[in-house]
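Next comes start.txt, with compact mmCIF, C-alpha atoms.
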```txt
# COMPACT_ATOMS: atom_id res chain seq x y z
CA MET A 1 -63.21 51.71 -152.28
CA ILE A 2 -59.76 51.33 -150.69
CA ILE A 3 -61.24 49.32 -147.83
CA ARG A 4 -62.99 47.00 -150.29
CA GLU A 5 -59.78 46.55 -152.32
CA THR A 6 -57.90 45.65 -149.15
CA PHE A 7 -60.63 43.16 -148.24
CA ALA A 8 -60.40 41.58 -151.68
CA LYS A 9 -56.65 41.18 -151.28
CA GLU A 10 -57.17 39.48 -147.93
CA LEU A 11 -59.63 37.06 -149.51
CA ASP A 12 -57.08 36.31 -152.22
CA ARG A 13 -54.48 35.65 -149.55
CA LEU A 14 -56.78 33.17 -147.83
CA ARG A 15 -57.34 31.44 -151.16
CA ASP A 16 -53.59 31.24 -151.76
CA GLN A 17 -53.03 29.73 -148.32
CA ILE A 18 -55.52 26.97 -149.08
CA ILE A 19 -53.87 26.29 -152.43
CA ARG A 20 -50.47 26.06 -150.75
CA MET A 21 -51.79 23.72 -148.07
CA GLY A 22 -53.30 21.51 -150.75
CA SER A 23 -50.11 21.46 -152.80
CA GLU A 24 -47.96 20.61 -149.77
CA ALA A 25 -50.37 17.84 -148.77
CA GLU A 26 -50.24 16.33 -152.28
CA ASP A 27 -46.44 16.32 -152.29
CA ASN A 28 -46.16 14.92 -148.78
CA LEU A 29 -48.70 12.19 -149.50
CA GLN A 30 -46.67 10.91 -152.42
CA THR A 31 -43.44 11.19 -150.43
CA ALA A 32 -44.87 9.43 -147.37
CA VAL A 33 -46.16 6.45 -149.34
CA SER A 34 -42.91 6.15 -151.29
CA ALA A 35 -40.91 6.25 -148.04
CA LEU A 36 -43.17 3.60 -146.50
CA MET A 37 -42.86 1.26 -149.46
CA THR A 38 -39.08 1.69 -149.82
CA ARG A 39 -38.48 1.70 -146.03
CA ASN A 40 -36.84 5.13 -146.03
CA ILE A 41 -37.00 5.93 -142.33
CA ALA A 42 -35.23 9.28 -142.61
CA VAL A 43 -37.80 10.61 -145.09
CA SER A 44 -40.64 9.20 -142.98
CA GLU A 45 -39.33 11.19 -140.01
CA GLN A 46 -39.26 14.33 -142.17
CA ILE A 47 -42.93 13.79 -143.02
CA ILE A 48 -43.75 13.59 -139.32
CA GLN A 49 -41.93 16.86 -138.67
CA ALA A 50 -43.67 18.57 -141.59
CA ASP A 51 -47.01 18.24 -139.83
CA GLN A 52 -46.17 21.13 -137.51
CA TRP A 53 -46.45 23.58 -140.40
CA PHE A 54 -49.97 22.35 -141.16
CA ASN A 55 -51.01 22.83 -137.56
CA GLU A 56 -49.68 26.38 -137.56
CA ILE A 57 -51.09 27.44 -140.93
CA GLN A 58 -54.53 26.03 -140.07
CA ILE A 59 -54.64 28.19 -136.95
CA GLU A 60 -53.40 31.19 -138.92
CA VAL A 61 -56.06 30.76 -141.59
CA THR A 62 -58.78 30.43 -138.97
CA MET A 63 -57.69 33.51 -137.03
CA ASP A 64 -57.32 35.60 -140.20
CA SER A 65 -60.77 34.47 -141.33
CA LEU A 66 -62.40 35.36 -138.04
CA LYS A 67 -60.71 38.76 -138.09
CA LEU A 68 -62.18 39.49 -141.53
CA ILE A 69 -65.65 38.49 -140.38
CA ALA A 70 -65.36 40.71 -137.32
CA THR A 71 -63.95 43.78 -139.07
CA GLN A 72 -65.23 43.77 -142.66
CA GLN A 73 -68.90 42.78 -142.40
CA PRO A 74 -68.70 40.58 -145.52
CA ILE A 75 -71.67 40.13 -147.82
CA ALA A 76 -73.27 36.68 -148.09
CA SER A 77 -71.06 35.33 -150.90
CA ASP A 78 -67.87 36.49 -149.20
CA LEU A 79 -69.05 35.06 -145.90
CA ARG A 80 -69.63 31.67 -147.55
CA PHE A 81 -66.13 31.85 -149.02
CA ILE A 82 -64.58 32.61 -145.63
CA ALA A 83 -66.55 29.82 -143.95
CA ALA A 84 -65.43 27.41 -146.67
CA VAL A 85 -61.81 28.48 -146.25
CA MET A 86 -61.95 27.71 -142.53
CA GLY A 87 -63.62 24.37 -143.17
CA ILE A 88 -61.21 23.36 -145.93
CA ALA A 89 -58.17 24.42 -143.89
CA ASN A 90 -59.40 22.18 -141.09
CA GLU A 91 -59.89 19.27 -143.49
CA LEU A 92 -56.40 19.75 -144.97
CA GLU A 93 -54.90 19.78 -141.48
CA ARG A 94 -56.68 16.51 -140.73
CA ILE A 95 -55.58 15.11 -144.09
CA HIS A 96 -51.99 15.78 -143.14
CA ASP A 97 -52.57 14.05 -139.82
CA TYR A 98 -53.21 10.91 -141.86
CA ILE A 99 -50.09 11.57 -143.90
CA LYS A 100 -48.10 12.04 -140.70
CA GLY A 101 -49.61 8.75 -139.56
CA LEU A 102 -48.08 7.03 -142.60
CA GLY A 103 -44.70 8.37 -141.49
CA LYS A 104 -45.22 7.14 -137.94
CA ILE A 105 -46.22 3.69 -139.15
CA SER A 106 -43.10 3.54 -141.30
CA VAL A 107 -40.89 4.46 -138.34
CA LEU A 108 -42.62 1.90 -136.10
CA ILE A 109 -42.02 -0.86 -138.62
CA GLY A 110 -38.35 0.05 -138.72
CA ASP A 111 -36.04 -1.23 -141.43
CA GLU A 112 -37.95 -4.46 -142.01
CA PRO A 113 -38.95 -4.77 -145.67
CA ILE A 114 -42.62 -5.04 -146.56
CA PRO A 115 -43.34 -8.69 -147.47
CA GLU A 116 -43.79 -9.51 -151.14
CA GLY A 117 -47.42 -9.62 -152.19
CA VAL A 118 -48.56 -7.25 -149.44
CA MET A 119 -49.61 -3.61 -149.97
CA THR A 120 -49.10 -3.96 -153.72
CA GLU A 121 -51.93 -1.54 -154.49
CA LEU A 122 -50.97 1.14 -151.95
CA PRO A 123 -49.00 3.33 -154.42
CA LEU A 124 -51.96 3.26 -156.84
CA MET A 125 -54.34 4.05 -153.99
CA ALA A 126 -52.15 7.01 -153.04
CA GLU A 127 -51.99 8.21 -156.64
CA LYS A 128 -55.77 8.14 -156.98
CA THR A 129 -56.25 9.87 -153.63
CA LYS A 130 -53.74 12.53 -154.58
CA GLY A 131 -55.65 13.02 -157.84
CA MET A 132 -58.88 13.54 -155.92
CA LEU A 133 -57.20 16.12 -153.71
CA ASN A 134 -55.70 17.93 -156.68
CA ARG A 135 -59.08 18.12 -158.41
CA ALA A 136 -60.72 19.37 -155.21
CA ILE A 137 -58.22 22.20 -154.79
CA THR A 138 -58.69 23.12 -158.45
CA ALA A 139 -62.46 23.16 -157.97
CA PHE A 140 -62.00 25.39 -154.93
CA THR A 141 -59.79 27.78 -156.88
CA LEU A 142 -62.35 28.00 -159.69
CA ARG A 143 -65.34 27.96 -157.32
CA ASP A 144 -66.68 25.12 -159.43
CA ALA A 145 -69.46 23.31 -157.58
CA ASP A 146 -70.23 21.01 -160.53
CA ALA A 147 -66.65 19.73 -160.56
CA ALA A 148 -66.70 19.31 -156.79
CA ARG A 149 -69.82 17.12 -156.97
CA LYS A 150 -68.07 14.67 -159.31
CA ILE A 151 -64.94 14.13 -157.21
CA PRO A 152 -66.50 12.04 -154.38
CA LEU A 153 -67.70 9.53 -156.99
CA LEU A 154 -64.05 8.50 -157.32
CA ASP A 155 -64.03 7.33 -153.71
CA ASP A 156 -65.48 3.97 -154.76
CA GLU A 157 -62.17 3.20 -156.48
CA ILE A 158 -60.33 3.98 -153.25
CA ASP A 159 -62.66 1.71 -151.29
CA ASP A 160 -62.06 -1.14 -153.76
CA LEU A 161 -58.29 -0.80 -153.42
CA TYR A 162 -58.63 -0.68 -149.64
CA LYS A 163 -60.43 -4.03 -149.74
CA VAL A 164 -57.75 -5.57 -151.98
CA ILE A 165 -55.00 -4.53 -149.58
CA TYR A 166 -57.01 -5.69 -146.57
CA ARG A 167 -57.37 -9.15 -148.14
CA GLN A 168 -53.64 -9.28 -148.89
CA LEU A 169 -52.85 -8.50 -145.26
CA ALA A 170 -55.39 -11.01 -143.93
CA GLU A 171 -54.03 -13.78 -146.15
CA PHE A 172 -50.46 -13.03 -145.06
CA ILE A 173 -51.46 -13.16 -141.38
CA MET A 174 -53.07 -16.56 -141.90
CA GLU A 175 -49.83 -17.89 -143.38
CA HIS A 176 -47.52 -16.02 -140.97
CA PRO A 177 -49.38 -15.46 -137.69
CA GLN A 178 -46.18 -14.36 -135.99
CA GLU A 179 -46.27 -11.21 -138.16
CA ILE A 180 -49.69 -10.07 -136.96
CA ASP A 181 -48.42 -6.91 -135.22
CA ALA A 182 -46.53 -5.69 -138.30
CA MET A 183 -49.50 -6.45 -140.55
CA HIS A 184 -51.84 -4.54 -138.26
CA ARG A 185 -49.57 -1.51 -138.58
CA LEU A 186 -49.69 -1.80 -142.35
CA ASP A 187 -53.46 -2.08 -142.18
CA TRP A 188 -53.49 1.28 -140.39
CA ALA A 189 -51.58 2.75 -143.33
CA ASN A 190 -54.26 1.33 -145.61
CA HIS A 191 -56.94 2.78 -143.33
CA ASN A 192 -55.27 6.20 -143.30
CA LEU A 193 -55.42 6.48 -147.09
CA GLU A 194 -59.06 5.40 -147.15
CA ARG A 195 -59.97 8.02 -144.54
CA LEU A 196 -57.91 10.65 -146.35
CA ALA A 197 -60.10 10.21 -149.42
CA ASP A 198 -63.18 10.72 -147.23
CA ARG A 199 -61.70 14.03 -146.07
CA VAL A 200 -61.34 15.11 -149.69
CA SER A 201 -65.07 14.48 -150.09
CA ASN A 202 -65.62 16.78 -147.10
CA ILE A 203 -63.64 19.48 -148.90
CA CYS A 204 -65.98 19.07 -151.86
CA GLU A 205 -68.96 19.67 -149.58
CA TRP A 206 -67.45 23.02 -148.59
CA ILE A 207 -66.86 23.95 -152.22
CA VAL A 208 -70.49 23.30 -153.11
CA TYR A 209 -71.59 25.38 -150.13
CA MET A 210 -69.20 28.19 -151.07
CA ASP A 211 -70.54 28.35 -154.62
CA THR A 212 -74.24 27.68 -154.07
CA GLY A 213 -75.06 28.16 -150.39
CA SER A 214 -76.44 24.61 -150.33
CA LEU A 215 -75.35 22.09 -147.68
CA VAL A 216 -74.67 18.61 -149.08
CA GLU A 217 -73.19 15.40 -147.72
CA PHE A 218 -71.07 13.09 -149.86
CA ASN A 219 -70.01 10.59 -147.17
```
Could you write out this structure as structure tokens?
Amino acid sequence: MIIRETFAKELDRLRDQIIRMGSEAEDNLQTAVSALMTRNIAVSEQIIQADQWFNEIQIEVTMDSLKLIATQQPIASDLRFIAAVMGIANELERIHDYIKGLGKISVLIGDEPIPEGVMTELPLMAEKTKGMLNRAITAFTLRDADAARKIPLLDDEIDDLYKVIYRQLAEFIMEHPQEIDAMHRLDWANHNLERLADRVSNICEWIVYMDTGSLVEFN
């Protein structure tokens, strides 16, 4: 009984680590986009530095998960949970790579302001992506496969905003061809947010697997 109680506490700790990773990613996403739009280089550099924690915690979660598998002989439902934790931790680490990328793009651009009429939808795109991530972490916490299945449907809104921003950048390049390098960097910021939303859909796949044992693909 004591061994099982200890195992349950370790599973709870893994869950809490995922929740913390998700919360940190949400906060850093909002901060990174705000810093990019307002040209706050100092904050953008802080976002870049924050990525080290995600690298370290992802490794820690993976090693702790493997240790539990090796020493506790988990039953099927617990094994699915542990597998999902490892998969979600990996997705969150990759998500923060995209967030770090926003910081790097901001630093590369320097103190030049973003031209008027360009990237106007990026804050909304970030808000919607953050909302998807928040709902995914909540679905993970509740082990709610039905909720997880609904979240990837929101990705169409992200794709639409991506296309709006892409057109804004293309139109600006046509009028100001000398700014093509800067606009390409901003397009990478747009691309990072679009890919980030895809990673959230991957998290939802793990949640469905954790709850049902079924493998699904949302992308």
Near stretch 62-86 of chain A, 12 Å: stretch 8-54 of chain A residue rows, closest pairs, all atoms listed in the file, as a tab-separated table:
```
residue	atom	partner	partner_atom	distance
A:Ala8	CA	A:Asp78	CA	9.4
A:Lys9	CA	A:Leu68	CA	11.3
A:Glu10	CA	A:Leu68	CA	8.1
A:Leu11	CA	A:Ile82	CA	7.7
A:Asp12	CA	A:Phe81	CA	10.6
A:Arg13	CA	A:Asp64	CA	9.8
A:Leu14	CA	A:Val85	CA	7.1
A:Arg15	CA	A:Val85	CA	7.3
A:Asp16	CA	A:Val85	CA	10.3
A:Gln17	CA	A:Val85	CA	9.1
A:Ile18	CA	A:Val85	CA	7.1
A:Ile19	CA	A:Val85	CA	10.3
A:Met21	CA	A:Val85	CA	11.2
A:Gly22	CA	A:Val85	CA	11.9
```
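Taking atom CA of A:Asp159 and atom CA of A:Met125 as the two end points, the separation is 9.1 Å.
Atom CA of A:Tyr98 lies 5.3 Å from atom CA of A:Asn192.
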Original post:
At what distance in Å, to one decimal, does atom CA of A:Tyr162 lie from atom CA of A:Pro123?
Top reply: 11.5 Å
**OP:** Considering only C-alpha atoms, state which residue in the set A:Asn134, A:Ser34, A:Ser214, A:Ser106 is at the smallest distance from A:Asp187.
**Re:**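 Going through A:Asn134, A:Ser34, A:Ser214, A:Ser106 one by one, the smallest distance to A:Asp187 is for A:Ser106.
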Original post:
So which residues touch A:Leu154 within 12 Å, counting all atoms listed in the file, skipping near sequence neighbours fewer than 5 positions away, as number ranges by chain?
Top reply: A: 125, 128-133, 135-136, 147-149, 159-161, 194, 197-198, 200-201, 218-219
Residues from the last selection, C-alpha atoms, saved as an mmCIF file, in the frame of the given file:
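And here's result_30.cif as it stands now:
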```
data_model
loop_
_atom_site.group_PDB
_atom_site.id
_atom_site.type_symbol
_atom_site.label_atom_id
_atom_site.label_comp_id
_atom_site.auth_asym_id
_atom_site.auth_seq_id
_atom_site.Cartn_x
_atom_site.Cartn_y
_atom_site.Cartn_z
ATOM 1 C CA MET A 125 -54.340 4.050 -153.990
ATOM 2 C CA LYS A 128 -55.770 8.140 -156.980
ATOM 3 C CA THR A 129 -56.250 9.870 -153.630
ATOM 4 C CA LYS A 130 -53.740 12.530 -154.580
ATOM 5 C CA GLY A 131 -55.650 13.020 -157.840
ATOM 6 C CA MET A 132 -58.880 13.540 -155.920
ATOM 7 C CA LEU A 133 -57.200 16.120 -153.710
ATOM 8 C CA ARG A 135 -59.080 18.120 -158.410
ATOM 9 C CA ALA A 136 -60.720 19.370 -155.210
ATOM 10 C CA ALA A 147 -66.650 19.730 -160.560
ATOM 11 C CA ALA A 148 -66.700 19.310 -156.790
ATOM 12 C CA ARG A 149 -69.820 17.120 -156.970
ATOM 13 C CA ASP A 159 -62.660 1.710 -151.290
ATOM 14 C CA ASP A 160 -62.060 -1.140 -153.760
ATOM 15 C CA LEU A 161 -58.290 -0.800 -153.420
ATOM 16 C CA GLU A 194 -59.060 5.400 -147.150
ATOM 17 C CA ALA A 197 -60.100 10.210 -149.420
ATOM 18 C CA ASP A 198 -63.180 10.720 -147.230
ATOM 19 C CA VAL A 200 -61.340 15.110 -149.690
ATOM 20 C CA SER A 201 -65.070 14.480 -150.090
ATOM 21 C CA PHE A 218 -71.070 13.090 -149.860
ATOM 22 C CA ASN A 219 -70.010 10.590 -147.170
#
```
Subject >> Close residues, A:Phe172 itself excluded, 9 Å, all atoms listed in the file, min 3 positions apart in chain, as a PyMOL selection string >> reply: chain A and resi 115+117-118+167-169+175-177+179-180+183
Neighbours of stretch 47-58 of chain A within 10 Å (all atoms listed in the file; same-chain residues fewer than 4 positions away dropped), as a short mmCIF file (atom, residue, chain, number, x, y, z; two decimals) with C-alpha atoms, in the coordinates of the input?
```cif
data_model
loop_
_atom_site.label_atom_id
_atom_site.label_comp_id
_atom_site.auth_asym_id
_atom_site.auth_seq_id
_atom_site.Cartn_x
_atom_site.Cartn_y
_atom_site.Cartn_z
CA GLN A 17 -53.03 29.73 -148.32
CA ILE A 18 -55.52 26.97 -149.08
CA ARG A 20 -50.47 26.06 -150.75
CA MET A 21 -51.79 23.72 -148.07
CA GLU A 24 -47.96 20.61 -149.77
CA ALA A 25 -50.37 17.84 -148.77
CA ASN A 28 -46.16 14.92 -148.78
CA LEU A 29 -48.70 12.19 -149.50
CA THR A 31 -43.44 11.19 -150.43
CA ALA A 32 -44.87 9.43 -147.37
CA ALA A 35 -40.91 6.25 -148.04
CA ILE A 41 -37.00 5.93 -142.33
CA ALA A 42 -35.23 9.28 -142.61
CA VAL A 43 -37.80 10.61 -145.09
CA THR A 62 -58.78 30.43 -138.97
CA MET A 63 -57.69 33.51 -137.03
CA ASP A 64 -57.32 35.60 -140.20
CA VAL A 85 -61.81 28.48 -146.25
CA MET A 86 -61.95 27.71 -142.53
CA GLY A 87 -63.62 24.37 -143.17
CA ILE A 88 -61.21 23.36 -145.93
CA ALA A 89 -58.17 24.42 -143.89
CA ASN A 90 -59.40 22.18 -141.09
CA GLU A 91 -59.89 19.27 -143.49
CA LEU A 92 -56.40 19.75 -144.97
CA GLU A 93 -54.90 19.78 -141.48
CA ARG A 94 -56.68 16.51 -140.73
CA ILE A 95 -55.58 15.11 -144.09
CA HIS A 96 -51.99 15.78 -143.14
CA ASP A 97 -52.57 14.05 -139.82
CA TYR A 98 -53.21 10.91 -141.86
CA ILE A 99 -50.09 11.57 -143.90
CA LYS A 100 -48.10 12.04 -140.70
CA GLY A 101 -49.61 8.75 -139.56
CA LEU A 102 -48.08 7.03 -142.60
CA GLY A 103 -44.70 8.37 -141.49
CA LYS A 104 -45.22 7.14 -137.94
CA VAL A 107 -40.89 4.46 -138.34
#
```
Original post:
Near A:Leu122, within 9 Å and counting only C-alpha atoms, which residues show up once chain neighbours fewer than 2 positions away are dropped, as a PyMOL selection string?
Top reply: chain A and resi 33+37+119-120+124-127+161-162+165+189-190+193
Original post:
Between A:Gln30, A:Thr6, A:Thr141, A:Ser44, which one has atoms that come closest to A:Ile105, using all atoms listed in the file?
Top reply: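 Of all the options, A:Ser44 lies closest to A:Ile105.
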Original post:
Which residue out of A:Asp155, A:Asp181, A:Glu5, A:Glu171 has the minimum interatomic distance to A:Arg199 when only C-alpha atoms are used?
Top reply: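 Smallest distance to A:Arg199 is found for A:Asp155.
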